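Quick notes on the structure that follows.
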Amino acid sequence: MTLAAAARAGAAAPPLVRLENAGLYRDGRWLVRGVDLTVARGEIVTLIGPNGSGKSTSAKMALGIERPDEGAAHRAPGLTVGYVPQKLAIDWTLPLTVDRLMRLTGPLPAGAAHEALERTGVAHLVGAEVRHLSGGEFQRALLARAIARKPDLLVLDEPVQGVDFSGESALYELISAIRAELGCGILLISHDLHVVMSATDHVICLNGHVCCTGAPSAVAGSAAYRQLFGGRANAALAVYEHRHDHVHLADGRVRHADGSITDHCHPGDGHHHHGHAHAEGATETDEAGHV
Ligand SMILES: Nc1ncnc2c1ncn2[C@@H]1O[C@H](COP(=O)(O)OP(=O)(O)OP(=O)(O)O)[C@@H](O)[C@H]1O
């Protein structure tokens, strides 16, 4: 049964794509190994990890661009995919309009290019030269190109690169809205831990292998994740610590949101307004595991 037929029949959505213990071996080494991931319709799954940790490689195995040397990659029959690659092989010295960019990989139904460009907010740039676009406009044009055929699965490799901070959140909001409208699944690769952690359903943290995986709050609280990202992890973690307005220090004392340190904390002492996490023997750095 095709995906569309399954949806019409109201059948439980099968995974759009699944990697099982997948690994890719090149030039005498494993680029990545042991990757398990599943993306279902309506779900945003995010791959995070340092440079060279195998994020793009894993996405390419999921897409079928690279074939795993061990493990397996499964895609739903008839799956349609929209892909925003991290790098585009474009000759920037040649003229290329946005309209032409939309059709580089094949013809589009009448109106589809306009509709997609409209959805991503850059329809007015249809005749513009791609090389003249700002970072944000370019990413929106690439996103339009990826959604123009209304894919079942969107694979977005660093979709906010070259976009400033305020533009980033607008773009992530747009991506979430598109997920809801198209009902597609999204496999997202991102460096923006802070934003990603609040925008995704499931996080897979890679470092040549799966270092940790789960709901964003669980991954953010894991020691492996914090070791990998250090200070940046703490910033991302702040998203999940909004209920925590104090920290239990290793020596048993309590540091409050206003910076003051007391021997104990009491619900009525005015320092905090919500419940708090008592972490047995927890230090400042692993307290988040108790969110
Ligand atoms: N086709 C290939 N042949 C050989 N090595 C490759 C190939 N593709 C990627 N690599 C290497 O595999 C490793 C993982 O690359 P990958 O692009 O998956 O990392 P990434 O996590 O997406 O990194 P980044 O955040 O820098 O984009 C890197 O060391 C890269 O140089």
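We label chains A, B, ... in the order they appear in the structure tokens, count residues from 1 in each chain, and number ligands from 1 in the order shown.
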
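Residues with any atom within 8 Å of stretch 210-217 of chain A, counting only C-alpha atoms and excluding same-chain neighbours fewer than 3 positions away, are A:Arg33, A:Gly34, A:Val35, A:Asp36, A:Met197, A:Ser198, A:Thr200, A:Asp201, A:His202, A:Val203, A:Ile204, A:Cys205, A:Leu206, A:Asn207, A:Ala220, A:Gly221, A:Ser222, A:Ala224, A:Tyr225, A:Leu237, A:Tyr240, A:Val291.
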
Could you list, as number ranges by chain, all residues that come within 10 Å of ligand 1? Count only C-alpha atoms and all ligand atoms. A: 24-32, 47-61, 66, 86-87, 157-158, 189-191, 205-208

Atoms kept (N, CA and C atoms) for selection, written as an mmCIF file, in the first residue's frame:
data_model
loop_
_atom_site.group_PDB
_atom_site.id
_atom_site.type_symbol
_atom_site.label_atom_id
_atom_site.label_comp_id
_atom_site.auth_asym_id
_atom_site.auth_seq_id
_atom_site.Cartn_x
_atom_site.Cartn_y
_atom_site.Cartn_z
ATOM 1 N N LEU A 24 28.528 3.415 7.869
ATOM 2 C CA LEU A 24 29.133 3.654 6.552
ATOM 3 C C LEU A 24 30.650 3.636 6.686
ATOM 4 N N TYR A 25 31.280 2.835 5.865
ATOM 5 C CA TYR A 25 32.727 2.629 5.904
ATOM 6 C C TYR A 25 33.338 3.234 4.651
ATOM 7 N N ARG A 26 34.263 4.174 4.809
ATOM 8 C CA ARG A 26 34.906 4.798 3.643
ATOM 9 C C ARG A 26 36.391 5.011 3.945
ATOM 10 N N ASP A 27 37.210 4.821 2.919
ATOM 11 C CA ASP A 27 38.643 5.121 3.034
ATOM 12 C C ASP A 27 39.267 4.515 4.297
ATOM 13 N N GLY A 28 38.909 3.268 4.569
ATOM 14 C CA GLY A 28 39.542 2.555 5.668
ATOM 15 C C GLY A 28 39.032 2.909 7.052
ATOM 16 N N ARG A 29 37.918 3.622 7.158
ATOM 17 C CA ARG A 29 37.388 3.896 8.509
ATOM 18 C C ARG A 29 35.864 3.994 8.483
ATOM 19 N N TRP A 30 35.309 3.792 9.665
ATOM 20 C CA TRP A 30 33.862 3.960 9.815
ATOM 21 C C TRP A 30 33.567 5.434 10.022
ATOM 22 N N LEU A 31 32.794 6.012 9.118
ATOM 23 C CA LEU A 31 32.408 7.419 9.289
ATOM 24 C C LEU A 31 31.383 7.525 10.406
ATOM 25 N N VAL A 32 30.511 6.529 10.457
ATOM 26 C CA VAL A 32 29.515 6.472 11.524
ATOM 27 C C VAL A 32 29.072 5.021 11.627
ATOM 28 N N LEU A 47 19.005 15.381 14.360
ATOM 29 C CA LEU A 47 20.351 14.858 14.574
ATOM 30 C C LEU A 47 21.237 16.008 15.013
ATOM 31 N N ILE A 48 21.872 15.834 16.159
ATOM 32 C CA ILE A 48 22.838 16.832 16.603
ATOM 33 C C ILE A 48 24.172 16.132 16.813
ATOM 34 N N GLY A 49 25.229 16.903 16.947
ATOM 35 C CA GLY A 49 26.547 16.320 17.165
ATOM 36 C C GLY A 49 27.596 17.273 16.638
ATOM 37 N N PRO A 50 28.841 17.113 17.076
ATOM 38 C CA PRO A 50 29.908 18.014 16.639
ATOM 39 C C PRO A 50 30.190 17.861 15.141
ATOM 40 N N ASN A 51 31.012 18.745 14.593
ATOM 41 C CA ASN A 51 31.434 18.638 13.197
ATOM 42 C C ASN A 51 32.066 17.280 12.958
ATOM 43 N N GLY A 52 31.706 16.676 11.843
ATOM 44 C CA GLY A 52 32.317 15.410 11.458
ATOM 45 C C GLY A 52 31.797 14.221 12.238
ATOM 46 N N SER A 53 30.705 14.383 12.988
ATOM 47 C CA SER A 53 30.220 13.287 13.834
ATOM 48 C C SER A 53 29.335 12.305 13.072
ATOM 49 N N GLY A 54 29.033 12.620 11.792
ATOM 50 C CA GLY A 54 28.279 11.667 10.981
ATOM 51 C C GLY A 54 26.820 12.023 10.765
ATOM 52 N N LYS A 55 26.455 13.269 11.007
ATOM 53 C CA LYS A 55 25.050 13.670 10.865
ATOM 54 C C LYS A 55 24.606 13.606 9.402
ATOM 55 N N SER A 56 25.374 14.299 8.535
ATOM 56 C CA SER A 56 25.002 14.298 7.109
ATOM 57 C C SER A 56 25.075 12.890 6.545
ATOM 58 N N THR A 57 26.089 12.146 6.963
ATOM 59 C CA THR A 57 26.248 10.771 6.481
ATOM 60 C C THR A 57 25.030 9.934 6.872
ATOM 61 N N SER A 58 24.547 10.100 8.090
ATOM 62 C CA SER A 58 23.364 9.339 8.530
ATOM 63 C C SER A 58 22.141 9.746 7.717
ATOM 64 N N ALA A 59 22.005 11.062 7.474
ATOM 65 C CA ALA A 59 20.862 11.528 6.677
ATOM 66 C C ALA A 59 20.937 10.940 5.267
ATOM 67 N N LYS A 60 22.139 10.891 4.724
ATOM 68 C CA LYS A 60 22.285 10.349 3.365
ATOM 69 C C LYS A 60 21.940 8.861 3.325
ATOM 70 N N MET A 61 22.263 8.130 4.391
ATOM 71 C CA MET A 61 21.859 6.714 4.425
ATOM 72 C C MET A 61 20.339 6.610 4.508
ATOM 73 N N GLU A 66 23.459 7.234 0.211
ATOM 74 C CA GLU A 66 24.553 6.314 0.564
ATOM 75 C C GLU A 66 23.916 5.030 1.073
ATOM 76 N N GLN A 86 23.180 20.310 2.898
ATOM 77 C CA GLN A 86 24.015 21.296 3.591
ATOM 78 C C GLN A 86 24.757 22.158 2.572
ATOM 79 N N LYS A 87 25.211 21.508 1.508
ATOM 80 C CA LYS A 87 25.923 22.254 0.462
ATOM 81 C C LYS A 87 25.255 21.980 -0.871
ATOM 82 N N ASP A 157 19.205 19.674 6.137
ATOM 83 C CA ASP A 157 20.564 19.622 6.678
ATOM 84 C C ASP A 157 21.033 21.049 6.938
ATOM 85 N N GLU A 158 21.047 21.436 8.182
ATOM 86 C CA GLU A 158 21.423 22.791 8.591
ATOM 87 C C GLU A 158 20.593 23.852 7.866
ATOM 88 N N ILE A 189 18.870 18.344 10.707
ATOM 89 C CA ILE A 189 20.233 18.347 11.229
ATOM 90 C C ILE A 189 20.542 19.761 11.659
ATOM 91 N N SER A 190 21.034 19.911 12.853
ATOM 92 C CA SER A 190 21.249 21.277 13.308
ATOM 93 C C SER A 190 22.355 21.397 14.328
ATOM 94 N N HIS A 191 22.976 22.563 14.311
ATOM 95 C CA HIS A 191 23.961 22.907 15.326
ATOM 96 C C HIS A 191 23.340 23.763 16.425
ATOM 97 N N CYS A 205 21.720 12.193 19.293
ATOM 98 C CA CYS A 205 22.995 12.885 19.425
ATOM 99 C C CYS A 205 24.100 11.951 18.939
ATOM 100 N N LEU A 206 24.815 12.371 17.909
ATOM 101 C CA LEU A 206 25.817 11.515 17.278
ATOM 102 C C LEU A 206 27.224 11.974 17.622
ATOM 103 N N ASN A 207 28.107 10.998 17.691
ATOM 104 C CA ASN A 207 29.528 11.299 17.786
ATOM 105 C C ASN A 207 30.289 10.119 17.183
ATOM 106 N N GLY A 208 30.021 9.864 15.895
ATOM 107 C CA GLY A 208 30.561 8.685 15.229
ATOM 108 C C GLY A 208 29.713 7.447 15.509
#

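For stretch 30-83 of chain A, the set of residues given strand (DSSP E) by DSSP on the backbone reads Trp30, Leu31, Val32, Arg33, Gly34, Val35, Asp36, Leu37, Thr38, Val39, Ile44, Val45, Thr46, Leu47, Ile48, Glu70, Gly71, Ala72, Ala73, His74, Arg75, Val81, Gly82 and Tyr83 of chain A.
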
Convert the current residue selection to file output with C-alpha atoms, as a short mmCIF file (atom, residue, chain, number, x, y, z; two decimals), in the first residue's frame.
data_model
loop_
_atom_site.label_atom_id
_atom_site.label_comp_id
_atom_site.auth_asym_id
_atom_site.auth_seq_id
_atom_site.Cartn_x
_atom_site.Cartn_y
_atom_site.Cartn_z
CA TRP A 30 33.86 3.96 9.82
CA LEU A 31 32.41 7.42 9.29
CA VAL A 32 29.51 6.47 11.52
CA ARG A 33 28.26 3.20 13.03
CA GLY A 34 25.34 1.76 14.89
CA VAL A 35 22.78 4.40 13.91
CA ASP A 36 19.17 3.56 14.75
CA LEU A 37 16.56 6.08 13.80
CA THR A 38 12.94 6.22 12.77
CA VAL A 39 10.95 9.12 11.36
CA ILE A 44 10.43 16.05 13.83
CA VAL A 45 13.56 14.03 14.54
CA THR A 46 16.77 15.97 14.99
CA LEU A 47 20.35 14.86 14.57
CA ILE A 48 22.84 16.83 16.60
CA GLU A 70 26.42 -2.62 7.81
CA GLY A 71 22.91 -2.58 9.18
CA ALA A 72 19.99 -1.52 7.01
CA ALA A 73 18.00 1.43 5.71
CA HIS A 74 14.28 1.06 5.05
CA ARG A 75 12.05 3.56 3.31
CA VAL A 81 11.33 13.25 -0.15
CA GLY A 82 12.21 16.93 -0.12
CA TYR A 83 15.85 17.56 0.68
#

Would you list the contacts of A:Ser166 as a PyMOL selection string, taking every protein, DNA or RNA residue within 12 Å and counting only C-alpha atoms, but skipping same-chain residues closer than 5 positions in sequence? chain A and resi 136+160+171-173+195

Residues from last step as file, N, CA and C atoms, as a compact mmCIF listing (two decimals), in the first residue's frame:
# COMPACT_ATOMS: atom_id res chain seq x y z
N GLY A 136 19.06 34.38 4.75
CA GLY A 136 17.72 33.95 5.12
C GLY A 136 16.84 33.71 3.91
N VAL A 160 19.18 26.53 8.77
CA VAL A 160 19.24 27.94 9.15
C VAL A 160 20.66 28.49 9.05
N LEU A 171 12.42 30.87 11.13
CA LEU A 171 12.55 29.75 10.18
C LEU A 171 12.14 28.43 10.85
N TYR A 172 12.53 28.24 12.10
CA TYR A 172 12.12 27.01 12.79
C TYR A 172 10.61 26.97 13.00
N GLU A 173 10.03 28.14 13.25
CA GLU A 173 8.56 28.19 13.38
C GLU A 173 7.90 27.82 12.07
N VAL A 195 17.72 26.26 20.02
CA VAL A 195 16.44 26.31 19.31
C VAL A 195 15.92 24.91 19.06

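Put simply, atom CA of A:Glu20 is 27.5 Å away from atom CA of A:Ile178.
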
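Going from atom CA of A:Asn21 to atom CA of A:Ala223 covers 22.5 Å.
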